[in-house]
file run34.tsv (TSV, C-alpha atoms)
chain	number	residue	atom	x	y	z
A	1	MET	CA	-83.56	-57.01	-103.89
A	2	TRP	CA	-81.23	-56.80	-100.91
A	3	GLN	CA	-80.91	-54.96	-97.63
A	4	VAL	CA	-77.96	-52.76	-96.77
A	5	THR	CA	-75.93	-54.01	-93.81
A	6	GLU	CA	-73.11	-52.27	-91.98
A	7	ASP	CA	-70.63	-54.51	-93.81
A	8	ASP	CA	-72.24	-53.45	-97.08
A	9	LEU	CA	-71.75	-49.80	-96.14
A	10	ALA	CA	-68.02	-50.31	-95.69
A	11	HIS	CA	-67.77	-52.03	-99.07
A	12	ILE	CA	-70.00	-49.49	-100.84
A	13	ALA	CA	-67.93	-46.61	-99.44
A	14	THR	CA	-64.70	-48.14	-100.78
A	15	GLY	CA	-66.19	-49.06	-104.15
A	16	ALA	CA	-67.93	-45.71	-104.61
A	17	GLY	CA	-64.72	-43.94	-103.64
A	18	ILE	CA	-63.03	-45.74	-106.51
A	19	LEU	CA	-65.84	-45.11	-109.03
A	20	GLY	CA	-66.16	-41.51	-107.83
A	21	THR	CA	-63.08	-40.39	-109.80
A	22	GLY	CA	-61.85	-38.38	-106.83
A	23	GLY	CA	-65.14	-36.64	-105.98
A	24	GLY	CA	-68.62	-37.15	-104.62
A	25	GLY	CA	-67.71	-36.30	-101.04
A	26	ASN	CA	-65.54	-38.16	-98.55
A	27	PRO	CA	-66.69	-41.82	-98.63
A	28	TYR	CA	-65.67	-42.56	-95.03
A	29	ILE	CA	-67.77	-39.69	-93.69
A	30	GLY	CA	-70.69	-40.82	-95.84
A	31	ARG	CA	-70.36	-44.34	-94.49
A	32	LEU	CA	-70.48	-43.14	-90.87
A	33	ARG	CA	-73.53	-40.97	-91.52
A	34	ALA	CA	-75.40	-43.77	-93.31
A	35	ARG	CA	-74.49	-46.24	-90.56
A	36	GLN	CA	-75.90	-43.93	-87.92
A	37	ALA	CA	-79.12	-43.48	-89.90
A	38	ILE	CA	-79.64	-47.22	-90.34
A	39	ARG	CA	-78.92	-47.85	-86.65
A	40	GLU	CA	-81.40	-45.18	-85.62
A	41	TRP	CA	-84.22	-45.63	-88.14
A	42	GLY	CA	-83.80	-49.15	-89.49
A	43	PRO	CA	-82.51	-51.00	-92.56
A	44	VAL	CA	-82.87	-49.88	-96.19
A	45	THR	CA	-83.99	-52.14	-99.02
A	46	VAL	CA	-82.29	-51.86	-102.43
A	47	LEU	CA	-84.39	-52.53	-105.54
A	48	SER	CA	-83.19	-53.01	-109.09
A	49	PRO	CA	-84.85	-50.71	-111.66
A	50	ASP	CA	-86.80	-53.73	-112.96
A	51	GLU	CA	-88.25	-54.33	-109.49
A	52	LEU	CA	-89.86	-50.89	-109.33
A	53	PRO	CA	-93.65	-50.92	-109.67
A	54	ASP	CA	-94.86	-49.13	-112.78
A	55	ASN	CA	-96.49	-46.42	-110.69
A	56	ALA	CA	-93.32	-45.68	-108.71
A	57	ARG	CA	-92.33	-42.10	-107.96
A	58	VAL	CA	-88.56	-41.96	-107.62
A	59	VAL	CA	-86.80	-38.91	-106.19
A	60	CYS	CA	-83.14	-38.25	-106.92
A	61	VAL	CA	-81.25	-36.86	-103.91
A	62	GLY	CA	-77.63	-35.84	-103.60
A	63	GLY	CA	-75.11	-33.45	-102.18
A	64	ILE	CA	-73.81	-30.31	-103.82
A	65	GLY	CA	-70.79	-28.22	-102.89
A	66	ALA	CA	-67.02	-28.35	-102.57
A	67	PRO	CA	-65.46	-31.56	-101.18
A	68	THR	CA	-62.70	-29.51	-99.55
A	69	VAL	CA	-65.35	-27.85	-97.40
A	70	GLY	CA	-67.28	-31.06	-96.83
A	71	ILE	CA	-64.51	-32.74	-94.84
A	72	GLU	CA	-64.76	-29.96	-92.22
A	73	LYS	CA	-68.43	-29.04	-92.48
A	74	VAL	CA	-70.05	-32.47	-92.42
A	75	ARG	CA	-73.53	-32.86	-93.88
A	76	ASP	CA	-76.38	-33.41	-91.45
A	77	LEU	CA	-79.98	-34.22	-92.49
A	78	GLN	CA	-80.12	-31.85	-95.46
A	79	SER	CA	-81.10	-34.59	-97.91
A	80	PHE	CA	-84.14	-35.52	-95.81
A	81	HIS	CA	-85.21	-31.88	-95.58
A	82	ALA	CA	-84.75	-31.45	-99.33
A	83	LEU	CA	-86.87	-34.58	-99.91
A	84	ARG	CA	-89.69	-33.26	-97.73
A	85	ALA	CA	-89.48	-29.83	-99.40
A	86	ILE	CA	-89.86	-31.25	-102.92
A	87	GLU	CA	-92.68	-33.54	-101.83
A	88	GLU	CA	-94.54	-30.62	-100.31
A	89	TYR	CA	-93.98	-28.41	-103.34
A	90	THR	CA	-95.04	-31.02	-105.94
A	91	GLY	CA	-97.77	-32.62	-103.86
A	92	GLU	CA	-96.32	-36.05	-104.66
A	93	GLN	CA	-94.95	-38.56	-102.18
A	94	ALA	CA	-91.76	-40.41	-103.06
A	95	THR	CA	-92.04	-44.20	-103.20
A	96	ALA	CA	-88.28	-44.73	-103.71
A	97	LEU	CA	-85.05	-42.74	-103.79
A	98	ILE	CA	-82.10	-42.85	-106.16
A	99	SER	CA	-78.55	-41.51	-105.95
A	100	ASN	CA	-77.45	-38.65	-108.13
A	101	GLU	CA	-74.03	-40.30	-108.59
A	102	ILE	CA	-72.20	-43.44	-107.53
A	103	GLY	CA	-69.30	-41.41	-106.17
A	104	GLY	CA	-67.97	-40.98	-102.67
A	105	SER	CA	-70.50	-40.12	-99.97
A	106	ASN	CA	-73.13	-39.23	-102.59
A	107	SER	CA	-73.51	-42.94	-103.31
A	108	VAL	CA	-74.91	-43.52	-99.82
A	109	GLU	CA	-76.62	-40.15	-99.33
A	110	PRO	CA	-80.06	-41.54	-100.32
A	111	LEU	CA	-79.77	-44.19	-97.61
A	112	ILE	CA	-80.14	-41.51	-94.93
A	113	PRO	CA	-83.52	-40.07	-95.98
A	114	ALA	CA	-84.57	-43.57	-97.07
A	115	ALA	CA	-84.00	-44.92	-93.55
A	116	MET	CA	-85.79	-41.93	-92.02
A	117	ALA	CA	-88.78	-42.18	-94.37
A	118	ALA	CA	-88.87	-46.02	-94.62
A	119	LEU	CA	-88.33	-45.95	-98.38
A	120	PRO	CA	-86.34	-48.27	-100.68
A	121	VAL	CA	-83.36	-47.10	-102.73
A	122	VAL	CA	-82.90	-47.95	-106.42
A	123	ASP	CA	-79.77	-49.84	-107.47
A	124	ALA	CA	-78.82	-47.20	-110.05
A	125	ASP	CA	-77.67	-43.60	-110.35
A	126	GLY	CA	-77.47	-40.72	-112.79
A	127	MET	CA	-73.78	-40.86	-113.69
A	128	GLY	CA	-72.10	-44.25	-113.16
A	129	ARG	CA	-69.24	-42.20	-111.68
A	130	ALA	CA	-69.13	-38.66	-110.23
A	131	PHE	CA	-69.27	-35.33	-112.02
A	132	PRO	CA	-68.97	-31.85	-110.52
A	133	GLU	CA	-72.09	-30.21	-111.92
A	134	PHE	CA	-75.80	-30.81	-111.36
A	135	GLN	CA	-76.82	-30.96	-115.03
A	136	MET	CA	-74.33	-33.77	-115.72
A	137	LYS	CA	-76.79	-36.62	-115.23
A	138	THR	CA	-78.01	-39.16	-117.71
A	139	PHE	CA	-81.53	-38.46	-116.43
A	140	PHE	CA	-81.47	-34.95	-117.86
A	141	VAL	CA	-79.47	-35.82	-120.98
A	142	TYR	CA	-82.26	-38.18	-122.04
A	143	GLY	CA	-85.28	-36.04	-121.31
A	144	VAL	CA	-86.15	-36.18	-117.60
A	145	PRO	CA	-87.04	-32.69	-116.33
A	146	CYS	CA	-84.46	-31.21	-113.96
A	147	CYS	CA	-86.94	-29.01	-112.11
A	148	PRO	CA	-88.54	-28.33	-109.79
A	149	MET	CA	-85.73	-29.03	-107.36
A	150	ALA	CA	-85.22	-28.27	-103.69
A	151	VAL	CA	-81.91	-27.26	-102.08
A	152	ALA	CA	-81.54	-27.46	-98.30
A	153	ASP	CA	-78.83	-26.69	-95.74
A	154	GLU	CA	-78.12	-27.83	-92.18
A	155	LYS	CA	-79.64	-24.70	-90.63
A	156	GLY	CA	-83.19	-25.41	-91.80
A	157	ASN	CA	-83.16	-23.22	-94.90
A	158	SER	CA	-84.64	-24.62	-98.10
A	159	VAL	CA	-85.00	-23.11	-101.57
A	160	ILE	CA	-87.23	-24.28	-104.40
A	161	ILE	CA	-86.04	-23.72	-107.95
A	162	ARG	CA	-89.36	-23.94	-109.78
A	163	ASP	CA	-88.13	-23.99	-113.35
A	164	THR	CA	-85.12	-23.16	-115.51
A	165	ILE	CA	-84.61	-22.80	-119.24
A	166	THR	CA	-81.90	-25.49	-119.28
A	167	PRO	CA	-80.40	-27.99	-116.79
A	168	HIS	CA	-77.21	-25.91	-116.86
A	169	TRP	CA	-79.18	-22.97	-115.51
A	170	ALA	CA	-80.41	-25.21	-112.70
A	171	GLU	CA	-76.76	-25.89	-111.86
A	172	ARG	CA	-75.93	-22.18	-111.86
A	173	LEU	CA	-78.81	-21.26	-109.57
A	174	ALA	CA	-78.33	-24.23	-107.26
A	175	ARG	CA	-74.58	-23.55	-107.05
A	176	ALA	CA	-75.15	-19.89	-106.14
A	177	THR	CA	-77.59	-20.99	-103.45
A	178	THR	CA	-75.12	-23.57	-102.15
A	179	ILE	CA	-72.35	-20.97	-101.87
A	180	GLN	CA	-74.64	-18.86	-99.67
A	181	MET	CA	-75.37	-21.99	-97.62
A	182	GLY	CA	-71.67	-22.41	-96.89
A	183	CYS	CA	-70.66	-24.60	-99.87
A	184	VAL	CA	-72.36	-27.70	-98.40
A	185	ALA	CA	-75.99	-28.51	-99.20
A	186	CYS	CA	-78.23	-31.31	-100.48
A	187	TYR	CA	-80.93	-31.34	-103.12
A	188	ALA	CA	-83.92	-33.36	-104.24
A	189	VAL	CA	-85.48	-33.35	-107.71
A	190	ALA	CA	-89.16	-33.80	-108.60
A	191	PRO	CA	-90.20	-37.49	-108.81
A	192	MET	CA	-89.37	-39.61	-111.86
A	193	SER	CA	-91.45	-42.49	-113.17
A	194	ALA	CA	-90.24	-46.09	-113.19
A	195	ASP	CA	-90.00	-45.94	-116.98
A	196	GLN	CA	-87.80	-42.84	-116.82
A	197	VAL	CA	-85.49	-44.54	-114.34
A	198	ARG	CA	-85.20	-47.70	-116.44
A	199	ARG	CA	-84.56	-45.70	-119.61
A	200	THR	CA	-82.08	-43.10	-118.36
A	201	ALA	CA	-80.30	-44.37	-115.22
A	202	ILE	CA	-77.00	-46.26	-114.98
A	203	PRO	CA	-78.22	-49.60	-113.57
A	204	ASN	CA	-76.70	-51.82	-110.83
A	205	SER	CA	-74.16	-49.19	-109.76
A	206	LEU	CA	-74.74	-49.63	-106.02
A	207	THR	CA	-74.15	-53.37	-106.39
A	208	LEU	CA	-70.99	-52.70	-108.41
A	209	ALA	CA	-69.66	-50.39	-105.68
A	210	ARG	CA	-70.36	-53.06	-103.07
A	211	GLU	CA	-68.62	-55.73	-105.16
A	212	LEU	CA	-65.56	-53.50	-105.69
A	213	GLY	CA	-65.22	-52.80	-101.97
A	214	SER	CA	-65.68	-56.47	-101.14
A	215	ALA	CA	-63.01	-57.46	-103.69
A	216	VAL	CA	-60.52	-55.00	-102.14
A	217	GLU	CA	-61.18	-56.36	-98.64
A	218	ARG	CA	-60.81	-59.99	-99.76
A	219	ALA	CA	-57.56	-59.22	-101.52
A	220	ARG	CA	-56.12	-57.60	-98.41
A	221	ASP	CA	-57.26	-60.46	-96.17
A	222	ASN	CA	-55.74	-63.04	-98.53
A	223	GLY	CA	-52.51	-61.13	-99.15
A	224	ASP	CA	-53.40	-60.61	-102.82
A	225	ASP	CA	-52.96	-57.53	-104.99
A	226	PRO	CA	-55.95	-55.20	-104.42
A	227	ILE	CA	-55.31	-53.40	-107.72
A	228	ALA	CA	-55.69	-56.67	-109.60
A	229	ALA	CA	-58.85	-57.41	-107.60
A	230	ILE	CA	-60.35	-54.06	-108.61
A	231	LEU	CA	-59.62	-54.64	-112.30
A	232	ALA	CA	-61.00	-58.20	-112.13
A	233	THR	CA	-64.28	-56.82	-110.76
A	234	CYS	CA	-64.61	-53.79	-113.04
A	235	PRO	CA	-62.68	-54.01	-116.35
A	236	GLY	CA	-60.19	-51.19	-116.71
A	237	LYS	CA	-56.44	-50.59	-116.85
A	238	VAL	CA	-53.56	-49.15	-114.86
A	239	LEU	CA	-52.72	-45.75	-116.34
A	240	PHE	CA	-49.84	-44.87	-114.02
A	241	SER	CA	-48.24	-45.53	-110.65
A	242	GLY	CA	-45.99	-43.27	-108.63
A	243	LYS	CA	-45.51	-40.69	-105.90
A	244	VAL	CA	-47.39	-37.40	-105.56
A	245	VAL	CA	-44.81	-34.62	-105.87
A	246	ASP	CA	-47.05	-31.57	-106.24
A	247	ILE	CA	-50.64	-30.66	-105.52
A	248	GLU	CA	-52.31	-27.36	-106.45
A	249	ARG	CA	-55.81	-27.06	-105.00
A	250	ARG	CA	-58.20	-24.18	-104.41
A	251	THR	CA	-61.85	-23.78	-103.50
A	252	THR	CA	-63.52	-21.37	-105.88
A	253	ALA	CA	-67.08	-20.78	-107.16
A	254	GLY	CA	-68.34	-23.73	-105.10
A	255	PHE	CA	-65.83	-26.26	-106.50
A	256	ALA	CA	-62.49	-27.73	-105.55
A	257	ARG	CA	-60.24	-27.10	-108.56
A	258	GLY	CA	-56.61	-27.84	-109.21
A	259	SER	CA	-54.10	-30.39	-110.43
A	260	VAL	CA	-51.88	-33.12	-109.04
A	261	THR	CA	-48.44	-34.11	-110.35
A	262	ILE	CA	-47.18	-37.67	-109.90
A	263	ASP	CA	-43.65	-38.88	-110.59
A	264	GLY	CA	-43.47	-42.46	-111.82
A	265	LEU	CA	-42.14	-45.40	-109.81
A	266	ASP	CA	-41.36	-49.00	-110.72
A	267	ASP	CA	-42.70	-49.78	-114.22
A	268	PHE	CA	-43.46	-46.07	-114.74
A	269	ALA	CA	-40.15	-44.72	-113.40
A	270	ASP	CA	-39.43	-42.67	-116.52
A	271	GLY	CA	-42.81	-40.93	-116.61
A	272	GLN	CA	-44.78	-38.14	-115.00
A	273	MET	CA	-48.55	-37.80	-114.89
A	274	VAL	CA	-50.50	-34.58	-114.34
A	275	ILE	CA	-54.22	-34.79	-113.55
A	276	ASP	CA	-56.60	-31.81	-113.67
A	277	PHE	CA	-59.65	-31.93	-111.42
A	278	GLN	CA	-62.84	-30.00	-110.73
A	279	ASN	CA	-64.04	-31.91	-107.67
A	280	GLU	CA	-63.48	-34.98	-109.89
A	281	ASN	CA	-60.50	-36.02	-112.03
A	282	LEU	CA	-61.12	-34.80	-115.59
A	283	ILE	CA	-58.01	-35.32	-117.69
A	284	ALA	CA	-54.81	-37.28	-117.15
A	285	ARG	CA	-51.71	-36.45	-119.17
A	286	LEU	CA	-48.74	-38.81	-119.27
A	287	ASN	CA	-45.56	-36.99	-120.28
A	288	GLY	CA	-47.73	-34.28	-121.80
A	289	GLU	CA	-49.94	-36.62	-123.83
A	290	ILE	CA	-53.57	-37.35	-122.94
A	291	ALA	CA	-53.85	-40.79	-121.37
A	292	CYS	CA	-57.51	-40.59	-120.29
A	293	ILE	CA	-60.21	-37.94	-120.49
A	294	VAL	CA	-63.82	-37.39	-119.44
A	295	PRO	CA	-66.29	-38.99	-119.52
A	296	ASP	CA	-64.02	-42.01	-118.99
A	297	LEU	CA	-63.15	-42.59	-115.34
A	298	ILE	CA	-59.78	-41.54	-113.87
A	299	CYS	CA	-59.51	-43.05	-110.39
A	300	ALA	CA	-56.71	-42.75	-107.83
A	301	VAL	CA	-56.16	-45.50	-105.26
A	302	ALA	CA	-53.44	-46.16	-102.70
A	303	THR	CA	-50.88	-48.43	-104.34
A	304	ASP	CA	-50.43	-50.65	-101.30
A	305	GLY	CA	-54.00	-51.12	-100.05
A	306	GLY	CA	-56.31	-50.13	-102.89
A	307	GLU	CA	-58.11	-47.46	-100.84
A	308	PRO	CA	-59.59	-44.66	-102.97
A	309	VAL	CA	-57.86	-41.29	-102.73
A	310	THR	CA	-60.25	-38.37	-103.22
A	311	THR	CA	-59.09	-35.02	-104.56
A	312	GLU	CA	-59.50	-33.24	-101.21
A	313	LEU	CA	-57.28	-35.84	-99.48
A	314	MET	CA	-54.56	-36.00	-102.14
A	315	ARG	CA	-51.25	-34.85	-100.65
A	316	TYR	CA	-47.51	-34.79	-101.23
A	317	GLY	CA	-45.72	-38.10	-100.77
A	318	LEU	CA	-48.66	-40.45	-101.32
A	319	ARG	CA	-47.96	-43.52	-103.42
A	320	VAL	CA	-50.90	-43.84	-105.76
A	321	THR	CA	-51.96	-45.92	-108.72
A	322	ILE	CA	-54.14	-44.25	-111.33
A	323	LEU	CA	-56.78	-46.48	-112.89
A	324	GLY	CA	-58.83	-45.83	-116.00
A	325	PHE	CA	-62.29	-47.26	-116.70
A	326	PRO	CA	-64.48	-46.82	-119.79
A	327	ALA	CA	-67.47	-44.56	-119.31
A	328	PRO	CA	-71.00	-46.02	-119.28
A	329	ALA	CA	-72.40	-46.17	-122.80
A	330	LEU	CA	-75.00	-43.46	-122.09
A	331	TRP	CA	-72.15	-40.95	-121.80
A	332	THR	CA	-70.42	-41.81	-125.09
A	333	THR	CA	-73.29	-40.79	-127.37
A	334	PRO	CA	-73.25	-37.34	-129.02
A	335	GLU	CA	-75.89	-36.24	-126.48
A	336	GLY	CA	-73.85	-37.49	-123.55
A	337	LEU	CA	-70.58	-35.99	-124.77
A	338	ALA	CA	-72.24	-32.61	-125.31
A	339	VAL	CA	-73.00	-32.48	-121.57
A	340	ALA	CA	-70.00	-34.22	-120.01
A	341	GLY	CA	-67.35	-34.61	-122.69
A	342	PRO	CA	-64.03	-32.71	-122.82
A	343	LYS	CA	-65.48	-29.59	-124.44
A	344	ALA	CA	-68.11	-29.27	-121.69
A	345	PHE	CA	-65.19	-28.65	-119.32
A	346	GLY	CA	-63.39	-26.25	-121.62
A	347	TYR	CA	-60.79	-28.65	-123.03
A	348	ASP	CA	-59.87	-28.24	-126.69
A	349	ALA	CA	-59.68	-31.99	-127.19
A	350	GLU	CA	-61.80	-34.68	-128.75
A	351	TYR	CA	-63.01	-37.64	-126.70
A	352	SER	CA	-60.92	-40.72	-127.39
A	353	PRO	CA	-62.41	-43.81	-125.74
A	354	LEU	CA	-60.16	-45.69	-123.33
A	355	THR	CA	-59.22	-49.13	-124.59
A	356	VAL	CA	-58.79	-51.93	-122.05

call {"tool": "encode", "arguments": {"input": "run34.tsv", "output": "structure tokens"}}
result
Amino acid sequence: MWQVTEDDLAHIATGAGILGTGGGGNPYIGRLRARQAIREWGPVTVLSPDELPDNARVVCVGGIGAPTVGIEKVRDLQSFHALRAIEEYTGEQATALISNEIGGSNSVEPLIPAAMAALPVVDADGMGRAFPEFQMKTFFVYGVPCCPMAVADEKGNSVIIRDTITPHWAERLARATTIQMGCVACYAVAPMSADQVRRTAIPNSLTLARELGSAVERARDNGDDPIAAILATCPGKVLFSGKVVDIERRTTAGFARGSVTIDGLDDFADGQMVIDFQNENLIARLNGEIACIVPDLICAVATDGGEPVTTELMRYGLRVTILGFPAPALWTTPEGLAVAGPKAFGYDAEYSPLTV
């Protein structure tokens, strides 16, 4: 158990920006919003899944939409309104909140309604990274119902999706609603039990994000290599390092889609990497050959300072280092790969686990 401080927020934002594989919403904006909520309504306690009482009712909250829109149309209190809408619809009161993904601003999104409602947040999430679509959560892969869910916007509108035939249909309906809400919304899902959280969530992800951000800050302060500090905290490998020479990005169907081309520098001077993204980085090809692919993590950071570079902020001329991290084990099962493996994104490729 620990309480989130303003220093923690800065570290979590950096670490979640790294783990977010380019998506999850701008981490700096999320940090500012969470800081304001904690200043106004008080601190938030973080509980490990094992610290949840057996009768806990845990609500997953998160943002949905296109990150390219989210940097101009900043979220307000939609997650709190979505929480209240799902509580009213189900007749159950949340006793704790949990993040949908440990990526970007979504990692700290639960802190805002948690501060407002005086609730704890669970040190876990439904992805261990970020994914672009609602159904891509370990909760739903391993049997937690995806509905009912509430979707809310900043204007005061809220929509309840009572039931769907599959989690993918929940994504389709929630995405269509989000587009009508201006491509920025938040949602809340009907409460989970403590057992469901312990069985299906990726544990200790908020702590990992905090430790990653803290490691980057220490490395900078001490004049050490922040890339090495990241890899010492979370085992992974450098996939590539170079300069962004082309970026193709468009907002379509409620997603930011495109690709980034990076020419190699230093040890990678003879190479070129192309990364496809759909909000998040999905596949990295080095000189035409797959170097890393979902569900493994493909993360871009600034070569000099180790700051995460999200897909909506990627631009020509940036010097970036591309890191790869193995996916959480819950994603590498046949059930996990069916939902968030290469074929789920339309790639005619088999998953080949990253070796570190």

call {"tool": "residues_around", "arguments": {"input": "run34.tsv", "residues": "Ile293 in chain A", "least_positions_apart": "4", "cutoff": "12 Å", "atoms": "only C-alpha atoms", "output": "PyMOL selection string"}}
result
chain A and resi 21+239+274-277+280-286+289+297-299+323-327+332+337+340-345+347-355

call {"tool": "residues_near_point", "arguments": {"input": "run34.tsv", "point": "(-92.0, -40.0, -114.1)", "cutoff": "8 Å", "atoms": "all atoms listed in the file", "output": "list in words"}}
result
Ala56, Arg57, Val58, Val144, Pro191, Met192, Ser193, Ala194, Asp195, Gln196 and Val197 of chain A

call {"tool": "closest_residue", "arguments": {"input": "run34.tsv", "among": "A:Trp2, A:Phe268, A:Trp41, A:Phe134", "to": "Pro120 in chain A", "atoms": "all atoms listed in the file"}}
result
A:Trp2

call {"tool": "atom_distance", "arguments": {"input": "run34.tsv", "atom1": "CA of Leu47 in chain A", "atom2": "CA of Val339 in chain A"}}
result
28.1 Å

call {"tool": "atom_distance", "arguments": {"input": "run34.tsv", "atom1": "CA of Gly22 in chain A", "atom2": "CA of Ser105 in chain A"}}
result
11.2 Å

call {"tool": "residues_near_point", "arguments": {"input": "run34.tsv", "point": "(-47.4, -33.6, -107.5)", "cutoff": "7 Å", "atoms": "all atoms listed in the file", "output": "list of chain:residue names"}}
result
A:Val244, A:Val245, A:Asp246, A:Ile247, A:Val260, A:Thr261, A:Ile262, A:Tyr316

call {"tool": "closest_residue", "arguments": {"input": "run34.tsv", "among": "A:Ile179, A:Leu212, A:Ile227, A:Val184", "to": "Glu72 in chain A", "atoms": "only C-alpha atoms"}}
result
A:Val184

call {"tool": "closest_residue", "arguments": {"input": "run34.tsv", "among": "A:Ile18, A:Cys60, A:Cys292, A:Val74", "to": "Val122 in chain A", "atoms": "only C-alpha atoms"}}
result
A:Cys60

call {"tool": "closest_residue", "arguments": {"input": "run34.tsv", "among": "A:Met181, A:Ala115, A:Gly236, A:Val61", "to": "Met149 in chain A", "atoms": "all atoms listed in the file"}}
result
A:Val61
